[in-house]
file protein19.csv (CSV, C-alpha atoms)
chain,number,residue,atom,x,y,z
C,1,MET,CA,-120.7,42.4,73.7
C,2,GLN,CA,-123.2,44.4,75.9
C,3,ILE,CA,-124.8,45.8,72.8
C,4,ILE,CA,-125.2,42.3,71.2
C,5,PHE,CA,-126.7,41.0,74.5
C,6,VAL,CA,-129.2,43.8,74.5
C,7,LEU,CA,-130.2,43.2,70.9
C,8,ILE,CA,-130.6,39.5,71.5
C,9,LEU,CA,-132.7,40.1,74.6
C,10,ALA,CA,-134.9,42.6,72.7
C,11,ALA,CA,-135.4,40.1,69.9
C,12,VAL,CA,-136.3,37.3,72.3
C,13,THR,CA,-138.7,39.7,74.1
C,14,LEU,CA,-140.3,40.7,70.8
C,15,VAL,CA,-140.8,37.2,69.6
C,16,ALA,CA,-142.3,36.1,73.0
C,17,GLY,CA,-144.6,39.1,72.9
C,18,VAL,CA,-145.8,38.3,69.4
C,19,ARG,CA,-146.4,34.6,70.3
C,20,TYR,CA,-148.5,35.7,73.3
C,21,LEU,CA,-150.5,38.3,71.3
C,22,GLU,CA,-150.9,35.8,68.4
C,23,ASN,CA,-152.4,33.1,70.6
C,24,LYS,CA,-154.7,35.5,72.5
C,25,SER,CA,-155.9,37.0,69.2
C,26,ILE,CA,-156.8,33.8,67.5
C,27,PHE,CA,-158.4,31.7,70.2
C,28,TYR,CA,-161.1,32.9,72.7
C,29,PRO,CA,-162.3,29.7,74.4
C,30,VAL,CA,-165.1,29.7,77.0
C,31,ARG,CA,-165.3,26.7,79.3
C,32,ALA,CA,-168.9,27.0,80.7
C,33,VAL,CA,-171.5,25.7,78.2
C,34,ALA,CA,-174.6,27.9,78.9
C,35,ALA,CA,-177.2,25.9,76.9
C,36,THR,CA,-177.7,22.7,75.0
C,37,PRO,CA,-180.0,21.8,72.1
C,38,SER,CA,-182.5,20.5,74.6
C,39,ASP,CA,-183.1,24.1,75.6
C,40,ILE,CA,-184.5,24.8,72.2
C,41,GLY,CA,-186.5,21.5,72.0
C,42,LEU,CA,-184.0,19.5,70.0
C,43,PRO,CA,-183.0,16.0,71.3
C,44,PHE,CA,-179.2,15.3,71.0
C,45,GLU,CA,-176.5,12.9,71.7
C,46,ASP,CA,-173.7,14.2,73.9
C,47,VAL,CA,-170.5,12.6,72.4
C,48,PHE,CA,-166.9,12.4,73.5
C,49,ILE,CA,-164.2,11.6,70.9
C,50,LYS,CA,-160.5,10.8,71.3
C,51,THR,CA,-158.2,12.5,68.8
C,52,GLN,CA,-155.1,11.0,67.2
C,53,ASP,CA,-152.9,12.8,69.9
C,54,ASN,CA,-155.1,11.4,72.7
C,55,VAL,CA,-157.1,14.5,73.5
C,56,THR,CA,-160.8,14.0,74.4
C,57,ILE,CA,-163.1,16.5,72.7
C,58,ASN,CA,-166.9,17.1,73.2
C,59,ALA,CA,-169.5,17.1,70.4
C,60,TRP,CA,-173.2,17.1,69.9
C,61,LEU,CA,-175.1,15.1,67.4
C,62,VAL,CA,-178.6,16.5,66.6
C,63,LYS,CA,-180.3,14.1,64.3
C,64,SER,CA,-183.0,14.8,61.7
C,65,SER,CA,-185.9,12.4,60.8
C,66,THR,CA,-185.5,13.3,57.1
C,67,ALA,CA,-181.7,12.4,57.0
C,68,ARG,CA,-180.9,14.3,53.9
C,69,GLY,CA,-177.2,14.4,54.9
C,70,THR,CA,-174.9,15.2,57.8
C,71,LEU,CA,-173.4,18.6,58.5
C,72,LEU,CA,-170.1,18.6,60.3
C,73,PHE,CA,-170.1,22.0,62.0
C,74,LEU,CA,-166.8,23.7,62.9
C,75,HIS,CA,-167.5,27.0,64.8
C,76,GLY,CA,-165.5,30.2,65.1
C,77,ASN,CA,-162.8,31.2,67.5
C,78,ALA,CA,-164.9,32.5,70.5
C,79,GLY,CA,-167.2,30.9,73.0
C,80,ASN,CA,-168.2,27.2,72.5
C,81,ILE,CA,-170.9,25.0,71.0
C,82,GLY,CA,-173.5,26.3,73.4
C,83,ASP,CA,-173.4,29.6,71.6
C,84,ARG,CA,-174.4,28.1,68.2
C,85,LEU,CA,-177.9,26.9,69.0
C,86,GLU,CA,-179.7,29.1,66.4
C,87,LYS,CA,-177.4,27.9,63.6
C,88,ILE,CA,-177.9,24.3,64.8
C,89,ARG,CA,-181.7,24.8,64.6
C,90,MET,CA,-181.4,26.3,61.1
C,91,PHE,CA,-179.4,23.3,59.7
C,92,HIS,CA,-181.8,20.9,61.5
C,93,GLN,CA,-184.7,22.6,59.8
C,94,MET,CA,-183.0,22.0,56.5
C,95,GLY,CA,-183.4,18.3,57.2
C,96,LEU,CA,-179.7,17.6,58.0
C,97,HIS,CA,-178.2,15.8,60.9
C,98,VAL,CA,-175.9,18.3,62.7
C,99,PHE,CA,-172.6,17.3,64.3
C,100,ILE,CA,-170.9,20.1,66.1
C,101,ILE,CA,-167.7,19.9,68.0
C,102,ASP,CA,-165.8,22.0,70.6
C,103,TYR,CA,-162.2,22.3,69.8
C,104,ARG,CA,-159.7,21.3,72.4
C,105,GLY,CA,-159.7,23.9,75.3
C,106,TYR,CA,-163.3,24.9,74.5
C,107,GLY,CA,-166.3,23.9,76.5
C,108,ARG,CA,-165.9,20.4,78.0
C,109,SER,CA,-163.1,19.4,75.6
C,110,GLN,CA,-159.7,18.7,77.1
C,111,GLY,CA,-156.4,20.4,76.2
C,112,ARG,CA,-155.4,23.8,74.9
C,113,PRO,CA,-156.3,25.2,71.5
C,114,GLY,CA,-153.7,25.6,68.7
C,115,GLU,CA,-153.6,25.4,64.9
C,116,ALA,CA,-152.4,21.8,64.7
C,117,GLY,CA,-154.8,20.8,67.4
C,118,ILE,CA,-158.0,22.1,65.7
C,119,TYR,CA,-157.0,20.2,62.6
C,120,LEU,CA,-156.7,17.0,64.6
C,121,ASP,CA,-160.1,17.7,66.2
C,122,ALA,CA,-161.7,18.1,62.9
C,123,MET,CA,-160.3,14.9,61.6
C,124,ALA,CA,-161.4,13.0,64.7
C,125,ALA,CA,-164.9,14.3,64.3
C,126,TYR,CA,-165.0,13.2,60.6
C,127,ASP,CA,-163.6,9.8,61.4
C,128,TYR,CA,-166.1,9.3,64.2
C,129,LEU,CA,-169.0,10.1,61.8
C,130,ARG,CA,-167.6,7.7,59.2
C,131,GLY,CA,-167.6,5.0,61.8
C,132,ARG,CA,-171.2,5.3,62.8
C,133,PRO,CA,-173.6,2.9,61.1
C,134,ASP,CA,-176.4,5.4,61.1
C,135,ILE,CA,-174.5,8.0,59.1
C,136,VAL,CA,-174.1,7.8,55.4
C,137,PRO,CA,-170.4,8.7,54.7
C,138,ALA,CA,-171.1,10.0,51.2
C,139,GLY,CA,-173.5,12.6,52.7
C,140,ILE,CA,-171.1,14.3,55.1
C,141,ILE,CA,-171.0,18.1,54.3
C,142,GLY,CA,-168.4,20.3,55.8
C,143,TYR,CA,-169.3,23.7,57.3
C,144,GLY,CA,-166.8,26.1,58.8
C,145,ALA,CA,-167.5,29.6,60.2
C,146,SER,CA,-164.7,32.2,60.5
C,147,LEU,CA,-161.8,30.2,62.1
C,148,GLY,CA,-163.8,27.1,61.5
C,149,GLY,CA,-163.4,27.8,57.8
C,150,ALA,CA,-159.7,27.3,58.0
C,151,ALA,CA,-160.2,24.0,59.9
C,152,ILE,CA,-162.9,22.7,57.5
C,153,ILE,CA,-160.7,23.5,54.4
C,154,ASP,CA,-157.8,21.7,56.0
C,155,LEU,CA,-160.1,18.7,56.6
C,156,ALA,CA,-161.4,18.8,53.0
C,157,VAL,CA,-157.8,18.4,51.8
C,158,LYS,CA,-157.3,15.3,53.9
C,159,ARG,CA,-160.8,13.6,53.9
C,160,GLU,CA,-163.6,13.2,51.4
C,161,LEU,CA,-166.6,15.5,51.9
C,162,ALA,CA,-169.8,15.7,49.8
C,163,ALA,CA,-169.5,19.5,49.8
C,164,LEU,CA,-167.8,22.4,51.5
C,165,ILE,CA,-169.4,25.5,53.0
C,166,VAL,CA,-167.1,28.3,54.1
C,167,ASP,CA,-168.8,31.1,56.1
C,168,SER,CA,-167.2,34.5,56.8
C,169,SER,CA,-163.7,33.1,56.7
C,170,PHE,CA,-160.2,34.4,55.7
C,171,THR,CA,-157.3,33.6,53.5
C,172,SER,CA,-154.5,33.2,56.1
C,173,ALA,CA,-153.3,34.2,59.5
C,174,ALA,CA,-150.7,36.4,57.9
C,175,ASP,CA,-153.3,38.3,55.9
C,176,MET,CA,-155.4,38.9,59.0
C,177,ALA,CA,-152.3,39.9,61.0
C,178,ARG,CA,-151.4,42.6,58.4
C,179,LEU,CA,-154.9,44.1,59.0
C,180,VAL,CA,-155.1,43.8,62.8
C,181,TYR,CA,-151.5,44.3,63.7
C,182,PRO,CA,-149.8,46.1,60.8
C,183,PHE,CA,-146.8,46.9,63.0
C,184,ILE,CA,-145.8,43.2,63.4
C,185,PRO,CA,-143.7,41.8,60.6
C,186,SER,CA,-145.6,38.9,59.0
C,187,PHE,CA,-142.6,36.5,59.2
C,188,LEU,CA,-142.9,36.5,63.0
C,189,ILE,CA,-146.4,35.0,62.8
C,190,LYS,CA,-146.0,31.3,63.6
C,191,THR,CA,-149.7,30.4,62.9
C,192,LYS,CA,-150.4,29.8,59.2
C,193,LEU,CA,-154.1,28.9,58.8
C,194,ASP,CA,-153.2,28.9,55.1
C,195,SER,CA,-156.7,28.4,53.6
C,196,VAL,CA,-155.8,30.3,50.4
C,197,GLY,CA,-153.1,27.8,49.6
C,198,LYS,CA,-155.1,24.7,50.6
C,199,VAL,CA,-158.4,25.5,48.9
C,200,ARG,CA,-156.8,25.3,45.5
C,201,SER,CA,-156.7,21.5,45.8
C,202,VAL,CA,-160.2,21.0,47.1
C,203,THR,CA,-162.3,19.7,44.2
C,204,VAL,CA,-165.7,19.1,45.8
C,205,PRO,CA,-168.5,21.7,45.3
C,206,LYS,CA,-167.8,24.7,47.4
C,207,LEU,CA,-170.0,27.6,48.7
C,208,PHE,CA,-168.5,30.7,50.2
C,209,LEU,CA,-170.6,33.1,52.2
C,210,HIS,CA,-169.5,36.6,53.3
C,211,SER,CA,-171.0,40.0,54.1
C,212,ARG,CA,-169.6,43.4,52.9
C,213,GLU,CA,-170.5,44.7,56.4
C,214,ASP,CA,-168.3,42.2,58.1
C,215,GLU,CA,-166.2,44.3,60.5
C,216,LEU,CA,-163.9,41.5,61.7
C,217,VAL,CA,-163.0,39.5,58.6
C,218,PRO,CA,-163.0,41.9,55.6
C,219,PHE,CA,-165.2,41.0,52.6
C,220,ALA,CA,-162.1,41.3,50.4
C,221,LEU,CA,-160.4,38.3,52.2
C,222,GLY,CA,-163.5,36.2,51.7
C,223,GLU,CA,-163.6,37.1,48.1
C,224,LYS,CA,-159.9,36.4,47.6
C,225,LEU,CA,-160.4,33.0,49.2
C,226,TYR,CA,-163.3,32.3,46.8
C,227,GLN,CA,-161.2,33.4,43.8
C,228,ALA,CA,-158.3,31.1,44.7
C,229,ALA,CA,-160.6,28.1,45.0
C,230,ALA,CA,-160.8,25.4,42.3
C,231,GLY,CA,-164.2,24.8,40.8
C,232,PRO,CA,-167.0,24.0,41.2
C,233,LYS,CA,-167.6,26.9,43.5
C,234,GLU,CA,-170.3,29.5,44.3
C,235,PHE,CA,-170.3,32.8,46.3
C,236,LEU,CA,-173.3,34.0,48.3
C,237,GLU,CA,-173.1,37.6,49.5
C,238,THR,CA,-174.9,38.0,52.9
C,239,SER,CA,-175.5,41.0,55.1
C,240,GLY,CA,-174.8,42.2,58.6
C,241,GLY,CA,-171.8,42.1,60.9
C,242,HIS,CA,-169.5,39.2,61.6
C,243,ASN,CA,-171.3,38.0,64.7
C,244,THR,CA,-174.7,39.6,64.2
C,245,GLY,CA,-175.4,39.1,60.5
C,246,PHE,CA,-176.9,35.6,61.0
C,247,ALA,CA,-179.9,37.1,62.8
C,248,GLY,CA,-180.9,39.2,59.9
C,249,SER,CA,-179.9,37.0,57.0
C,250,GLN,CA,-180.9,33.6,58.2
C,251,GLU,CA,-183.6,33.0,55.6
C,252,GLU,CA,-181.3,34.1,52.9
C,253,MET,CA,-178.5,31.8,54.1
C,254,GLN,CA,-180.8,28.8,54.5
C,255,ARG,CA,-182.3,29.3,51.0
C,256,GLY,CA,-178.9,29.8,49.5
C,257,ILE,CA,-177.4,26.7,51.1
C,258,ILE,CA,-180.3,24.5,50.2
C,259,ASP,CA,-180.2,25.6,46.6
C,260,PHE,CA,-176.4,25.1,46.5
C,261,LEU,CA,-176.7,21.5,47.8
C,262,ARG,CA,-179.5,20.7,45.4
C,263,ARG,CA,-177.8,22.1,42.4
C,264,ASN,CA,-174.8,19.9,43.2
C,265,ARG,CA,-177.0,16.9,43.9
C,266,VAL,CA,-175.8,16.6,47.5
C,267,ILE,CA,-179.4,16.5,48.6
C,268,GLU,CA,-182.6,16.1,46.7

call {"tool": "encode", "arguments": {"input": "protein19.csv", "output": "structure tokens"}}
result
Amino acid sequence: MQIIFVLILAAVTLVAGVRYLENKSIFYPVRAVAATPSDIGLPFEDVFIKTQDNVTINAWLVKSSTARGTLLFLHGNAGNIGDRLEKIRMFHQMGLHVFIIDYRGYGRSQGRPGEAGIYLDAMAAYDYLRGRPDIVPAGIIGYGASLGGAAIIDLAVKRELAALIVDSSFTSAADMARLVYPFIPSFLIKTKLDSVGKVRSVTVPKLFLHSREDELVPFALGEKLYQAAAGPKEFLETSGGHNTGFAGSQEEMQRGIIDFLRRNRVIE
């Protein structure tokens, strides 16, 4: 009986340790918002949205005078919306309204982050945009970077987007865990983030961006995600590291995204 008790205790300790490590590895929220679009000369609306499970999340709407469409921006796993000002500026320069949210637990959003929660946050953001009279529902474009790619793919399965842009994202949490923590059996990973399974049913035009120099999310996972996707789809190979590549490939990204949206008649 003593041996059985020790084995049970070891198993419980292992699972608890994996859960703790799993959560800390996926979400890196920062509460303090260091800057806003006003700091780079962009007027914006500071918005608070209630999710289906009664959590209030914060968002910014940066409007464009050209109104070619609206980009729903879901960021990566670290920091908060205040760290995405240069990307906001790029999309604004493309003539798009930009609507960026902080997931629960990030910035001024309530709650604690988790897989189910970020999916609800994305849906709440989309439904909020659909309800605004100054936003054309048919022109809502989904953009997700890294972890945001998993959230925007999940949203694309549940809501109608004009197009989907997935930047430097991965196939699933299990695939990432095998690379980062190869000593942990994949069946112990509770978080799914199963983008590779969901993307097969997304039929809107899709653009995948990834760099071979990405040191956090391997290029091979981005390529595998693209290959699993249903058409129509395109792949744009960028350059630079996971968090630093944008600085060096901004013009390439901007041109590639605009060309993609034009080819698929999302913008003129």

call {"tool": "closest_residue", "arguments": {"input": "protein19.csv", "among": "C:Phe260, C:Tyr119, C:Tyr128, C:Phe48", "to": "Ala162 (chain C)", "atoms": "all atoms listed in the file"}}
result
C:Phe260

call {"tool": "atom_distance", "arguments": {"input": "protein19.csv", "atom1": "CA of Ser172 (chain C)", "atom2": "CA of Tyr126 (chain C)"}}
result
23.0 Å

call {"tool": "atom_distance", "arguments": {"input": "protein19.csv", "atom1": "CA of Ala34 (chain C)", "atom2": "CA of Tyr106 (chain C)"}}
result
12.5 Å

call {"tool": "closest_atom_pairs", "arguments": {"input": "protein19.csv", "of": "region 62-133 of chain C", "to": "region 186-207 of chain C", "cutoff": "12 Å", "atoms": "all atoms listed in the file", "output": "Markdown table"}}
result
| residue | atom | partner | partner_atom | distance |
| --- | --- | --- | --- | --- |
| C:Gly114 | CA | C:Thr191 | CA | 8.5 |
| C:Glu115 | CA | C:Thr191 | CA | 6.6 |
| C:Ala116 | CA | C:Thr191 | CA | 9.2 |
| C:Gly117 | CA | C:Thr191 | CA | 11.8 |
| C:Ile118 | CA | C:Leu193 | CA | 10.4 |
| C:Tyr119 | CA | C:Leu193 | CA | 9.9 |

call {"tool": "write_last_selection", "arguments": {"input": "protein19.csv", "atoms": "C-alpha atoms", "output": "tab-separated table (two decimals), in the frame of the given file"}}
result
chain	number	residue	atom	x	y	z
C	114	GLY	CA	-153.70	25.60	68.70
C	115	GLU	CA	-153.60	25.40	64.90
C	116	ALA	CA	-152.40	21.80	64.70
C	117	GLY	CA	-154.80	20.80	67.40
C	118	ILE	CA	-158.00	22.10	65.70
C	119	TYR	CA	-157.00	20.20	62.60

call {"tool": "closest_residue", "arguments": {"input": "protein19.csv", "among": "C:Phe170, C:Asp259, C:Val47, C:Gly82", "to": "Glu223 (chain C)", "atoms": "all atoms listed in the file"}}
result
C:Phe170

call {"tool": "atom_distance", "arguments": {"input": "protein19.csv", "atom1": "CA of Gly144 (chain C)", "atom2": "CA of Asp102 (chain C)"}}
result
12.5 Å

call {"tool": "closest_residue", "arguments": {"input": "protein19.csv", "among": "C:Val157, C:Val266, C:Glu251, C:Asp175", "to": "Lys224 (chain C)", "atoms": "all atoms listed in the file"}}
result
C:Asp175

call {"tool": "residues_near_point", "arguments": {"input": "protein19.csv", "point": "(-178.5, 22.8, 77.3)", "cutoff": "12 Å", "atoms": "all atoms listed in the file", "output": "VMD selection string"}}
result
chain C and resid 32 to 46 60 81 to 85

call {"tool": "write_last_selection", "arguments": {"input": "protein19.csv", "atoms": "C-alpha atoms", "output": "compact mmCIF listing (two decimals), in the coordinates of the input"}}
result
# COMPACT_ATOMS: atom_id res chain seq x y z
CA ALA C 32 -168.90 27.00 80.70
CA VAL C 33 -171.50 25.70 78.20
CA ALA C 34 -174.60 27.90 78.90
CA ALA C 35 -177.20 25.90 76.90
CA THR C 36 -177.70 22.70 75.00
CA PRO C 37 -180.00 21.80 72.10
CA SER C 38 -182.50 20.50 74.60
CA ASP C 39 -183.10 24.10 75.60
CA ILE C 40 -184.50 24.80 72.20
CA GLY C 41 -186.50 21.50 72.00
CA LEU C 42 -184.00 19.50 70.00
CA PRO C 43 -183.00 16.00 71.30
CA PHE C 44 -179.20 15.30 71.00
CA GLU C 45 -176.50 12.90 71.70
CA ASP C 46 -173.70 14.20 73.90
CA TRP C 60 -173.20 17.10 69.90
CA ILE C 81 -170.90 25.00 71.00
CA GLY C 82 -173.50 26.30 73.40
CA ASP C 83 -173.40 29.60 71.60
CA ARG C 84 -174.40 28.10 68.20
CA LEU C 85 -177.90 26.90 69.00

call {"tool": "closest_residue", "arguments": {"input": "protein19.csv", "among": "C:Asp214, C:Asp167, C:Asp53, C:Glu160", "to": "Ala145 (chain C)", "atoms": "all atoms listed in the file"}}
result
C:Asp167
